[in-house]
$ cat coords21.pdb   # PDB, C-alpha atoms and all ligand atoms
ATOM      1  CA  MET A 263     121.107 174.278 150.867
ATOM      2  CA  LYS A 264     123.258 174.544 153.945
ATOM      3  CA  LYS A 265     123.845 170.834 153.972
ATOM      4  CA  GLU A 266     124.911 170.847 150.326
ATOM      5  CA  LYS A 267     127.501 173.494 151.031
ATOM      6  CA  LYS A 268     128.880 171.541 153.927
ATOM      7  CA  ASN A 269     129.137 168.432 151.791
ATOM      8  CA  LYS A 270     131.114 170.330 149.192
ATOM      9  CA  THR A 271     133.634 171.500 151.765
ATOM     10  CA  TYR A 272     133.787 167.994 153.131
ATOM     11  CA  THR A 273     134.348 166.564 149.641
ATOM     12  CA  ILE A 274     137.195 168.975 148.928
ATOM     13  CA  ALA A 275     138.821 168.226 152.290
ATOM     14  CA  VAL A 276     138.529 164.458 151.863
ATOM     15  CA  CYS A 277     139.863 164.695 148.295
ATOM     16  CA  GLY A 278     142.870 166.696 149.482
ATOM     17  CA  VAL A 279     143.696 164.291 152.282
ATOM     18  CA  LEU A 280     143.310 161.265 150.002
ATOM     19  CA  THR A 281     145.439 162.827 147.219
ATOM     20  CA  ALA A 282     148.202 163.316 149.777
ATOM     21  CA  LEU A 283     147.671 159.760 151.020
ATOM     22  CA  ALA A 284     147.825 158.401 147.452
ATOM     23  CA  MET A 285     151.137 160.191 146.890
ATOM     24  CA  ILE A 286     152.625 158.902 150.136
ATOM     25  CA  PHE A 287     151.587 155.376 149.167
ATOM     26  CA  GLY A 288     153.127 155.930 145.723
ATOM     27  CA  TYR A 289     156.379 157.029 147.374
ATOM     28  CA  ILE A 290     156.391 154.037 149.740
ATOM     29  CA  GLU A 291     155.808 151.796 146.744
ATOM     30  CA  SER A 292     158.822 153.261 144.937
ATOM     31  CA  LEU A 293     160.954 152.289 147.948
ATOM     32  CA  ILE A 294     159.844 148.641 147.985
ATOM     33  CA  PRO A 295     162.081 146.523 145.777
ATOM     34  CA  ILE A 296     160.090 144.117 143.591
ATOM     35  CA  PRO A 297     161.638 140.628 143.837
ATOM     36  CA  VAL A 298     160.888 139.693 140.198
ATOM     37  CA  PRO A 299     162.140 142.245 137.662
ATOM     38  CA  ILE A 300     159.131 142.702 135.398
ATOM     39  CA  PRO A 301     158.621 145.930 133.457
ATOM     40  CA  GLY A 302     155.428 147.750 134.341
ATOM     41  CA  MET A 303     154.663 145.670 137.413
ATOM     42  CA  LYS A 304     153.231 147.625 140.326
ATOM     43  CA  LEU A 305     151.805 146.599 143.645
ATOM     44  CA  GLY A 306     149.427 149.553 143.330
ATOM     45  CA  ILE A 307     149.419 150.559 147.001
ATOM     46  CA  ALA A 308     148.241 154.046 145.964
ATOM     47  CA  ASN A 309     145.081 152.368 144.716
ATOM     48  CA  ILE A 310     143.948 152.073 148.371
ATOM     49  CA  ALA A 311     143.398 155.837 148.393
ATOM     50  CA  ILE A 312     141.892 155.901 144.890
ATOM     51  CA  LEU A 313     139.432 153.119 145.779
ATOM     52  CA  THR A 314     138.437 155.078 148.882
ATOM     53  CA  VAL A 315     137.703 158.189 146.798
ATOM     54  CA  LEU A 316     135.722 156.060 144.326
ATOM     55  CA  TYR A 317     133.507 154.675 147.104
ATOM     56  CA  ALA A 318     133.360 157.555 149.589
ATOM     57  CA  VAL A 319     133.227 160.507 147.158
ATOM     58  CA  GLY A 320     132.577 159.616 143.517
ATOM     59  CA  PRO A 321     133.914 158.254 140.210
ATOM     60  CA  TRP A 322     135.013 161.528 138.572
ATOM     61  CA  GLU A 323     136.810 162.726 141.683
ATOM     62  CA  ALA A 324     138.627 159.375 141.770
ATOM     63  CA  LEU A 325     139.627 159.673 138.099
ATOM     64  CA  ILE A 326     140.919 163.237 138.499
ATOM     65  CA  ILE A 327     142.788 162.524 141.734
ATOM     66  CA  ASN A 328     144.418 159.488 140.140
ATOM     67  CA  MET A 329     145.597 161.566 137.166
ATOM     68  CA  ILE A 330     146.953 164.299 139.450
ATOM     69  CA  ARG A 331     148.715 161.673 141.556
ATOM     70  CA  ILE A 332     150.365 160.024 138.525
ATOM     71  CA  THR A 333     151.494 163.393 137.131
ATOM     72  CA  LEU A 334     152.966 164.600 140.433
ATOM     73  CA  THR A 335     154.580 161.258 141.297
ATOM     74  CA  SER A 336     156.193 161.000 137.853
ATOM     75  CA  MET A 337     157.491 164.570 138.145
ATOM     76  CA  MET A 338     159.084 163.835 141.506
ATOM     77  CA  PHE A 339     160.308 160.241 141.239
ATOM     78  CA  GLY A 340     160.140 159.275 137.565
ATOM     79  CA  ASN A 341     160.699 160.486 134.035
ATOM     80  CA  PHE A 342     158.531 161.142 130.988
ATOM     81  CA  ASN A 343     158.516 157.472 129.961
ATOM     82  CA  SER A 344     157.366 156.245 133.337
ATOM     83  CA  PHE A 345     154.679 158.945 133.191
ATOM     84  CA  LEU A 346     153.333 157.594 129.880
ATOM     85  CA  PHE A 347     153.225 153.993 131.099
ATOM     86  CA  SER A 348     151.676 154.893 134.449
ATOM     87  CA  MET A 349     149.071 157.099 132.800
ATOM     88  CA  ALA A 350     148.021 154.343 130.378
ATOM     89  CA  GLY A 351     147.728 151.876 133.256
ATOM     90  CA  GLY A 352     146.051 154.391 135.549
ATOM     91  CA  ILE A 353     143.347 155.476 133.098
ATOM     92  CA  LEU A 354     142.504 151.927 131.994
ATOM     93  CA  SER A 355     142.297 150.660 135.578
ATOM     94  CA  MET A 356     140.185 153.670 136.621
ATOM     95  CA  LEU A 357     137.674 153.151 133.783
ATOM     96  CA  VAL A 358     137.369 149.438 134.594
ATOM     97  CA  MET A 359     136.863 150.161 138.303
ATOM     98  CA  ILE A 360     134.242 152.873 137.643
ATOM     99  CA  LEU A 361     132.365 150.508 135.310
ATOM    100  CA  LEU A 362     132.424 147.606 137.772
ATOM    101  CA  ARG A 363     131.363 149.857 140.650
ATOM    102  CA  LYS A 364     128.394 151.072 138.576
ATOM    103  CA  MET A 365     127.396 147.483 137.777
ATOM    104  CA  ASN A 366     126.973 146.907 141.523
ATOM    105  CA  GLN A 367     127.723 143.194 141.203
ATOM    106  CA  PHE A 368     131.097 143.128 142.904
ATOM    107  CA  SER A 369     132.462 144.065 146.309
ATOM    108  CA  MET A 370     135.426 146.401 146.657
ATOM    109  CA  THR A 371     137.724 143.382 146.467
ATOM    110  CA  GLY A 372     136.422 142.397 143.018
ATOM    111  CA  VAL A 373     136.628 145.997 141.783
ATOM    112  CA  SER A 374     140.173 146.279 143.109
ATOM    113  CA  VAL A 375     141.285 143.001 141.484
ATOM    114  CA  ALA A 376     139.878 144.054 138.097
ATOM    115  CA  GLY A 377     141.553 147.454 138.514
ATOM    116  CA  GLY A 378     144.903 145.909 139.407
ATOM    117  CA  VAL A 379     144.866 143.580 136.412
ATOM    118  CA  ALA A 380     143.683 146.393 134.091
ATOM    119  CA  HIS A 381     146.503 148.605 135.374
ATOM    120  CA  ASN A 382     149.155 146.028 134.498
ATOM    121  CA  ILE A 383     147.570 145.323 131.100
ATOM    122  CA  GLY A 384     147.383 149.061 130.315
ATOM    123  CA  GLN A 385     151.065 149.509 131.171
ATOM    124  CA  ILE A 386     152.205 146.523 129.133
ATOM    125  CA  GLY A 387     149.971 147.636 126.221
ATOM    126  CA  ALA A 388     151.514 151.102 126.235
ATOM    127  CA  ALA A 389     154.980 149.564 126.418
ATOM    128  CA  MET A 390     154.216 147.331 123.427
ATOM    129  CA  VAL A 391     153.121 150.327 121.356
ATOM    130  CA  ILE A 392     155.893 152.728 122.421
ATOM    131  CA  MET A 393     158.750 150.228 122.321
ATOM    132  CA  GLY A 394     157.514 148.631 119.087
ATOM    133  CA  THR A 395     157.651 145.065 120.319
ATOM    134  CA  SER A 396     154.943 142.479 120.816
ATOM    135  CA  ALA A 397     157.299 140.164 122.726
ATOM    136  CA  ILE A 398     156.545 141.994 126.000
ATOM    137  CA  ILE A 399     153.125 140.285 125.922
ATOM    138  CA  TYR A 400     154.851 137.198 127.357
ATOM    139  CA  TYR A 401     154.937 138.929 130.745
ATOM    140  CA  LEU A 402     151.134 138.693 130.797
ATOM    141  CA  PRO A 403     150.808 135.601 133.071
ATOM    142  CA  VAL A 404     153.028 137.171 135.736
ATOM    143  CA  LEU A 405     151.195 140.488 135.458
ATOM    144  CA  LEU A 406     147.812 138.721 135.781
ATOM    145  CA  ILE A 407     148.754 136.815 138.921
ATOM    146  CA  THR A 408     150.389 139.804 140.619
ATOM    147  CA  GLY A 409     147.413 141.990 139.672
ATOM    148  CA  VAL A 410     145.023 139.496 141.297
ATOM    149  CA  VAL A 411     147.012 139.001 144.508
ATOM    150  CA  ALA A 412     147.770 142.711 144.998
ATOM    151  CA  GLY A 413     144.156 143.551 144.067
ATOM    152  CA  ILE A 414     142.737 141.290 146.800
ATOM    153  CA  VAL A 415     144.942 142.783 149.532
ATOM    154  CA  ILE A 416     144.344 146.372 148.369
ATOM    155  CA  GLY A 417     140.588 145.790 148.121
ATOM    156  CA  ILE A 418     140.420 144.564 151.722
ATOM    157  CA  VAL A 419     142.527 147.451 153.075
ATOM    158  CA  GLY A 420     140.606 149.930 150.892
ATOM    159  CA  ALA A 421     137.303 148.713 152.364
ATOM    160  CA  MET A 422     138.667 149.325 155.871
ATOM    161  CA  VAL A 423     139.789 152.870 154.994
ATOM    162  CA  THR A 424     136.466 153.660 153.267
ATOM    163  CA  LYS A 425     134.508 152.499 156.315
ATOM    164  CA  ARG A 426     136.412 154.958 158.494
ATOM    165  CA  VAL A 427     136.100 157.843 156.040
ATOM    166  CA  LYS A 428     132.343 157.247 155.808
ATOM    167  CA  LEU A 429     132.127 156.984 159.589
ATOM    168  CA  GLY A 430     133.674 160.456 159.684
ATOM    169  CA  THR A 431     130.833 161.758 157.494
ATOM    170  CA  LYS A 432     128.180 160.385 159.803
ATOM    171  CA  LEU A 433     129.752 161.955 162.873
ATOM    172  CA  GLU A 434     129.903 165.304 161.072
ATOM    173  CA  ASN A 435     126.215 165.379 160.177
TER     174      ASN A 435
ATOM    175  CA  MET B 130     134.456 141.012 152.149
ATOM    176  CA  PHE B 131     133.922 138.774 149.114
ATOM    177  CA  LYS B 132     130.807 138.401 146.998
ATOM    178  CA  LYS B 133     130.201 135.324 144.868
ATOM    179  CA  LYS B 134     130.873 137.335 141.695
ATOM    180  CA  ASP B 135     134.237 138.472 143.122
ATOM    181  CA  LEU B 136     135.311 134.868 143.433
ATOM    182  CA  ILE B 137     134.151 134.142 139.863
ATOM    183  CA  LEU B 138     136.165 137.136 138.619
ATOM    184  CA  ILE B 139     139.260 136.033 140.530
ATOM    185  CA  GLY B 140     138.793 132.467 139.239
ATOM    186  CA  VAL B 141     138.553 133.641 135.625
ATOM    187  CA  MET B 142     141.729 135.726 135.994
ATOM    188  CA  LEU B 143     143.630 132.788 137.477
ATOM    189  CA  ILE B 144     142.447 130.443 134.701
ATOM    190  CA  LEU B 145     143.543 133.009 132.062
ATOM    191  CA  CYS B 146     146.890 133.233 133.829
ATOM    192  CA  VAL B 147     147.419 129.450 133.747
ATOM    193  CA  ILE B 148     146.275 129.123 130.107
ATOM    194  CA  SER B 149     148.560 131.918 128.899
ATOM    195  CA  TYR B 150     151.475 130.531 130.923
ATOM    196  CA  VAL B 151     151.062 127.013 129.510
ATOM    197  CA  ALA B 152     150.621 128.354 125.965
ATOM    198  CA  ILE B 153     153.830 130.387 126.218
ATOM    199  CA  GLN B 154     155.840 127.516 127.724
ATOM    200  CA  PHE B 155     154.766 124.991 125.103
ATOM    201  CA  PHE B 156     154.229 126.993 121.924
ATOM    202  CA  VAL B 157     156.432 130.061 122.148
ATOM    203  CA  LYS B 158     159.570 129.189 124.097
ATOM    204  CA  LYS B 159     161.988 127.463 121.755
ATOM    205  CA  ASP B 160     165.752 127.684 121.411
ATOM    206  CA  GLY B 161     166.462 131.028 119.794
ATOM    207  CA  SER B 162     169.080 131.797 117.174
ATOM    208  CA  ARG B 163     169.130 135.573 116.737
ATOM    209  CA  VAL B 164     169.284 138.576 119.027
ATOM    210  CA  LEU B 165     167.416 141.781 118.164
ATOM    211  CA  VAL B 166     168.039 145.038 119.978
ATOM    212  CA  LYS B 167     165.345 147.665 119.510
ATOM    213  CA  VAL B 168     165.509 151.273 120.643
ATOM    214  CA  ASP B 169     162.268 153.269 120.583
ATOM    215  CA  GLY B 170     160.655 150.668 118.326
ATOM    216  CA  MET B 171     163.452 150.546 115.734
ATOM    217  CA  VAL B 172     165.793 147.581 115.270
ATOM    218  CA  LYS B 173     169.269 148.936 116.038
ATOM    219  CA  TYR B 174     171.327 145.733 116.210
ATOM    220  CA  GLU B 175     170.935 142.189 115.044
ATOM    221  CA  HIS B 176     173.324 139.425 116.040
ATOM    222  CA  GLN B 177     173.718 135.645 116.050
ATOM    223  CA  LEU B 178     173.067 134.142 119.459
ATOM    224  CA  ASN B 179     175.964 131.666 119.098
ATOM    225  CA  GLN B 180     178.619 134.316 118.444
ATOM    226  CA  ASP B 181     179.987 135.880 121.608
ATOM    227  CA  THR B 182     180.099 139.662 121.583
ATOM    228  CA  GLU B 183     179.565 142.771 123.689
ATOM    229  CA  LEU B 184     177.841 145.950 122.620
ATOM    230  CA  THR B 185     176.794 149.252 124.081
ATOM    231  CA  VAL B 186     173.463 150.718 123.021
ATOM    232  CA  GLN B 187     172.463 154.372 123.208
ATOM    233  CA  GLY B 188     169.048 154.684 124.850
ATOM    234  CA  TYR B 189     166.188 156.841 123.642
ATOM    235  CA  GLN B 190     167.077 160.416 124.657
ATOM    236  CA  GLY B 191     170.414 159.404 126.148
ATOM    237  CA  GLY B 192     171.687 156.780 128.519
ATOM    238  CA  GLU B 193     173.590 153.590 127.814
ATOM    239  CA  ASN B 194     172.885 149.883 128.059
ATOM    240  CA  HIS B 195     175.691 147.348 127.912
ATOM    241  CA  ILE B 196     174.687 144.018 126.393
ATOM    242  CA  VAL B 197     176.717 140.802 126.469
ATOM    243  CA  ILE B 198     176.142 137.722 124.294
ATOM    244  CA  HIS B 199     178.033 134.759 125.749
ATOM    245  CA  ASP B 200     177.576 130.962 125.535
ATOM    246  CA  GLY B 201     174.309 131.337 123.607
ATOM    247  CA  LYS B 202     172.792 133.587 126.265
ATOM    248  CA  VAL B 203     172.163 137.327 126.353
ATOM    249  CA  SER B 204     172.308 139.560 129.395
ATOM    250  CA  MET B 205     172.264 143.271 130.172
ATOM    251  CA  THR B 206     175.364 143.655 132.313
ATOM    252  CA  ASP B 207     175.239 147.384 132.901
ATOM    253  CA  ALA B 208     172.919 150.355 132.394
ATOM    254  CA  ASP B 209     172.659 153.897 133.720
ATOM    255  CA  CYS B 210     168.847 153.899 133.891
ATOM    256  CA  PRO B 211     167.202 154.884 137.197
ATOM    257  CA  ASP B 212     165.468 151.593 137.995
ATOM    258  CA  LYS B 213     168.122 149.021 136.893
ATOM    259  CA  LEU B 214     165.342 146.488 136.259
ATOM    260  CA  CYS B 215     166.964 145.485 132.973
ATOM    261  CA  VAL B 216     170.265 144.588 134.670
ATOM    262  CA  ASN B 217     168.378 142.375 137.146
ATOM    263  CA  MET B 218     166.541 140.455 134.439
ATOM    264  CA  GLY B 219     169.258 137.835 134.123
ATOM    265  CA  LYS B 220     170.159 135.806 131.034
ATOM    266  CA  ILE B 221     167.813 134.944 128.184
ATOM    267  CA  SER B 222     168.165 132.433 125.362
ATOM    268  CA  LYS B 223     164.665 131.264 124.282
ATOM    269  CA  THR B 224     162.347 132.843 121.726
ATOM    270  CA  GLY B 225     159.763 135.060 123.360
ATOM    271  CA  GLU B 226     162.128 136.043 126.161
ATOM    272  CA  THR B 227     163.020 139.719 126.456
ATOM    273  CA  ILE B 228     165.133 142.093 128.464
ATOM    274  CA  VAL B 229     163.340 145.421 128.749
ATOM    275  CA  CYS B 230     164.645 148.809 129.828
ATOM    276  CA  LEU B 231     161.568 151.040 129.971
ATOM    277  CA  PRO B 232     163.370 154.307 130.865
ATOM    278  CA  HIS B 233     165.700 153.977 127.841
ATOM    279  CA  ARG B 234     163.073 152.338 125.601
ATOM    280  CA  VAL B 235     165.492 149.507 124.885
ATOM    281  CA  VAL B 236     164.297 145.941 124.239
ATOM    282  CA  VAL B 237     166.452 142.887 123.672
ATOM    283  CA  GLU B 238     164.491 140.141 121.928
ATOM    284  CA  ILE B 239     165.339 136.555 120.977
ATOM    285  CA  THR B 240     163.938 135.287 117.697
ATOM    286  CA  GLY B 241     164.026 132.005 115.795
ATOM    287  CA  ALA B 242     165.920 131.217 112.605
ATOM    288  CA  GLY B 243     164.010 132.858 109.790
ATOM    289  CA  ASP B 244     161.156 134.724 111.337
ATOM    290  CA  GLY B 245     160.526 137.124 114.167
ATOM    291  CA  VAL B 246     158.493 136.606 117.304
ATOM    292  CA  ASP B 247     155.459 138.125 115.621
ATOM    293  CA  SER B 248     155.046 135.281 113.136
ATOM    294  CA  VAL B 249     155.428 132.715 115.913
ATOM    295  CA  VAL B 250     152.446 134.162 117.724
ATOM    296  CA  GLN B 251     150.120 134.509 114.708
TER     297      GLN B 251
HETATM  298 ZN    ZN C 501     167.134 149.765 132.515
END

$ encode --input "coords21.pdb" --output "structure tokens" --more "lines below"
Ligand SMILES: [Zn+2]
Amino acid sequence: MKKEKKNKTYTIAVCGVLTALAMIFGYIESLIPIPVPIPGMKLGIANIAILTVLYAVGPWEALIINMIRITLTSMMFGNFNSFLFSMAGGILSMLVMILLRKMNQFSMTGVSVAGGVAHNIGQIGAAMVIMGTSAIIYYLPVLLITGVVAGIVIGIVGAMVTKRVKLGTKLEN
Amino acid sequence: MFKKKDLILIGVMLILCVISYVAIQFFVKKDGSRVLVKVDGMVKYEHQLNQDTELTVQGYQGGENHIVIHDGKVSMTDADCPDKLCVNMGKISKTGETIVCLPHRVVVEITGAGDGVDSVVQ
């Protein structure tokens, strides 16, 4: 009973810290100029924090924190359109990552790559629907390759962060 | 760091990337003849690619995008959107190429003679 209570406090604390971290990453990302102008392309640095929540805390916490992050980031640095596109990408990537994590066949790198690609596809899909044009689909190859490369890097960094967060749990108990 | 299945996943993504790239280069990209400007999903302007002109488009819920057609190429020369991605997209002239301004919901598309991009894809 006591232990359960402690874990709850710990979960809330970790979630708070990682939400803040996700937002800082999102802000840093908005400062980095992307060399190729492609609509909907993101490096997804904030996904480092989201991946950590997914592995260190749980899938639903990760989903909720991601939605909070997207809403707050769009309110501060974006507009309603960017909110719609980010939300479509964010939810699709989150569902894919939760599914792949549950399957237990992939490491964090694989989960992160699938999430990165799903994010870009979700954004471009939303853009196709909202802007009423199928021609945006021709950005798909670029979005696939950037999703894979960014996903690999973010998966590796995410694994490092998760290891430290989990280490913190062990020291606590 | 990597499991075998990770590498398979990454491999599949890269193969899909190459296939879609090759397909677009060989089957979609052809010399275009018309320029379509859509705002929020509706066609607002239509123009011949070989007739030089300049036009200013009102974005969805405000904002302006300045579009130039010159020498058979289209470019977005100016826009008051926050990200300016559209202005940095350069010149387009082939079917399947687009200039997109997400904040203003403006898309500039190139299409072939009779039919739109949609029928090219099928
Ligand atoms: Zn723009």

$ closest_atom_pairs --input "coords21.pdb" --of "chain B" --to "chain A" --cutoff "8 Å" --atoms "only C-alpha atoms" --output "CSV"
residue,atom,partner,partner_atom,distance
B:Met130,CA,A:Ser369,CA,6.9
B:Phe131,CA,A:Ser369,CA,6.2
B:Lys132,CA,A:Ser369,CA,5.9
B:Lys134,CA,A:Phe368,CA,5.9
B:Asp135,CA,A:Gly372,CA,4.5
B:Leu136,CA,A:Gly372,CA,7.6
B:Leu138,CA,A:Gly372,CA,6.9
B:Ile139,CA,A:Val410,CA,6.8
B:Met142,CA,A:Leu406,CA,6.8
B:Leu143,CA,A:Ile407,CA,6.7
B:Leu145,CA,A:Pro403,CA,7.8
B:Cys146,CA,A:Pro403,CA,4.6
B:Val147,CA,A:Pro403,CA,7.1
B:Ser149,CA,A:Pro403,CA,6.0
B:Tyr150,CA,A:Pro403,CA,5.5
B:Ile153,CA,A:Tyr400,CA,7.0
B:Lys167,CA,A:Met393,CA,7.6
B:Val168,CA,A:Met393,CA,7.0
B:Asp169,CA,A:Met393,CA,5.0
B:Gly170,CA,A:Gly394,CA,3.8
B:Met171,CA,A:Gly394,CA,7.1
B:Leu214,CA,A:Pro299,CA,5.5
B:Cys215,CA,A:Pro299,CA,7.5
B:Asn217,CA,A:Pro299,CA,6.3
B:Met218,CA,A:Pro299,CA,5.7
B:Gly225,CA,A:Ala397,CA,5.7
B:Glu226,CA,A:Ala397,CA,7.2
B:Thr227,CA,A:Ala397,CA,6.8
B:Val229,CA,A:Pro301,CA,6.7
B:Cys230,CA,A:Pro301,CA,7.6
B:Leu231,CA,A:Pro301,CA,6.9
B:Pro232,CA,A:Asn343,CA,5.9
B:Arg234,CA,A:Met393,CA,5.8
B:Val235,CA,A:Met393,CA,7.2
B:Val236,CA,A:Met393,CA,7.3
B:Glu238,CA,A:Ala397,CA,7.2
B:Val246,CA,A:Ala397,CA,6.6
B:Asp247,CA,A:Ser396,CA,6.8

$ closest_residue --input "coords21.pdb" --among "B:Lys213, B:Lys173, B:Arg163, B:His233" --to "Gly201 of chain B" --atoms "all atoms listed in the file"
B:Arg163

$ atom_distance --input "coords21.pdb" --atom1 "atom CA of Gly320 of chain A" --atom2 "atom CA of Met337 of chain A"
26.0 Å

$ resolve_selection --input "coords21.pdb" --expression "the PyMOL selection byres (((chain B and resi 161) around 8) and not hetatm)" --output "list in words"
Lys159, Asp160, Ser162, Arg163, Leu178, Ser222, Lys223, Thr224, Ile239, Thr240, Gly241 and Ala242 of chain B

$ atom_distance --input "coords21.pdb" --atom1 "atom CA of Arg363 of chain A" --atom2 "atom CA of Leu325 of chain A"
13.1 Å

$ residues_near_point --input "coords21.pdb" --point "(145.1, 147.2, 129.7)" --cutoff "10 Å" --atoms "all atoms listed in the file" --output "compact mmCIF listing (two decimals) with C-alpha atoms, keeping the file's coordinate frame"
# COMPACT_ATOMS: atom_id res chain seq x y z
CA ALA A 350 148.02 154.34 130.38
CA GLY A 351 147.73 151.88 133.26
CA GLY A 352 146.05 154.39 135.55
CA ILE A 353 143.35 155.48 133.10
CA LEU A 354 142.50 151.93 131.99
CA SER A 355 142.30 150.66 135.58
CA VAL A 358 137.37 149.44 134.59
CA GLY A 377 141.55 147.45 138.51
CA GLY A 378 144.90 145.91 139.41
CA VAL A 379 144.87 143.58 136.41
CA ALA A 380 143.68 146.39 134.09
CA HIS A 381 146.50 148.60 135.37
CA ASN A 382 149.16 146.03 134.50
CA ILE A 383 147.57 145.32 131.10
CA GLY A 384 147.38 149.06 130.32
CA GLN A 385 151.06 149.51 131.17
CA ILE A 386 152.21 146.52 129.13
CA GLY A 387 149.97 147.64 126.22
CA ALA A 388 151.51 151.10 126.24

$ atom_distance --input "coords21.pdb" --atom1 "atom CA of Gly191 of chain B" --atom2 "atom CA of Met349 of chain A"
22.5 Å

$ decode --input "coords21.pdb" --residues "segment 334-340 of chain A" --atoms "all heavy atoms" --output "compact mmCIF listing (two decimals), in the first residue's frame"
# COMPACT_ATOMS: atom_id res chain seq x y z
N LEU A 334 -0.05 22.92 -25.84
CA LEU A 334 0.66 24.07 -25.26
C LEU A 334 1.65 24.68 -26.24
O LEU A 334 1.73 25.90 -26.37
CB LEU A 334 1.39 23.64 -23.98
CG LEU A 334 0.50 23.27 -22.78
CD1 LEU A 334 1.34 22.82 -21.60
CD2 LEU A 334 -0.39 24.45 -22.38
N THR A 335 2.40 23.81 -26.96
CA THR A 335 3.39 24.32 -27.90
C THR A 335 2.71 25.10 -29.02
O THR A 335 3.18 26.17 -29.42
CB THR A 335 4.22 23.16 -28.51
OG1 THR A 335 4.65 22.31 -27.44
CG2 THR A 335 5.44 23.67 -29.24
N SER A 336 1.58 24.59 -29.53
CA SER A 336 0.87 25.30 -30.59
C SER A 336 0.34 26.63 -30.10
O SER A 336 0.34 27.62 -30.83
CB SER A 336 -0.29 24.45 -31.12
OG SER A 336 0.17 23.25 -31.65
N MET A 337 -0.12 26.67 -28.84
CA MET A 337 -0.64 27.92 -28.28
C MET A 337 0.46 28.97 -28.17
O MET A 337 0.23 30.15 -28.39
CB MET A 337 -1.27 27.68 -26.90
CG MET A 337 -2.72 27.23 -26.97
SD MET A 337 -3.28 26.51 -25.43
CE MET A 337 -3.16 27.90 -24.32
N MET A 338 1.67 28.51 -27.85
CA MET A 338 2.75 29.47 -27.62
C MET A 338 3.51 29.84 -28.90
O MET A 338 3.86 30.99 -29.09
CB MET A 338 3.74 28.91 -26.60
CG MET A 338 3.14 28.90 -25.20
SD MET A 338 4.36 28.58 -23.93
CE MET A 338 4.80 26.92 -24.31
N PHE A 339 3.77 28.85 -29.76
CA PHE A 339 4.63 29.14 -30.92
C PHE A 339 3.93 28.94 -32.26
O PHE A 339 4.52 29.17 -33.30
CB PHE A 339 5.88 28.24 -30.91
CG PHE A 339 6.52 28.11 -29.56
CD1 PHE A 339 6.54 26.90 -28.89
CD2 PHE A 339 7.10 29.22 -28.96
CE1 PHE A 339 7.14 26.78 -27.65
CE2 PHE A 339 7.69 29.11 -27.71
CZ PHE A 339 7.71 27.89 -27.06
N GLY A 340 2.69 28.50 -32.28
CA GLY A 340 2.07 28.19 -33.57
C GLY A 340 0.72 28.85 -33.73
O GLY A 340 0.40 29.82 -33.07
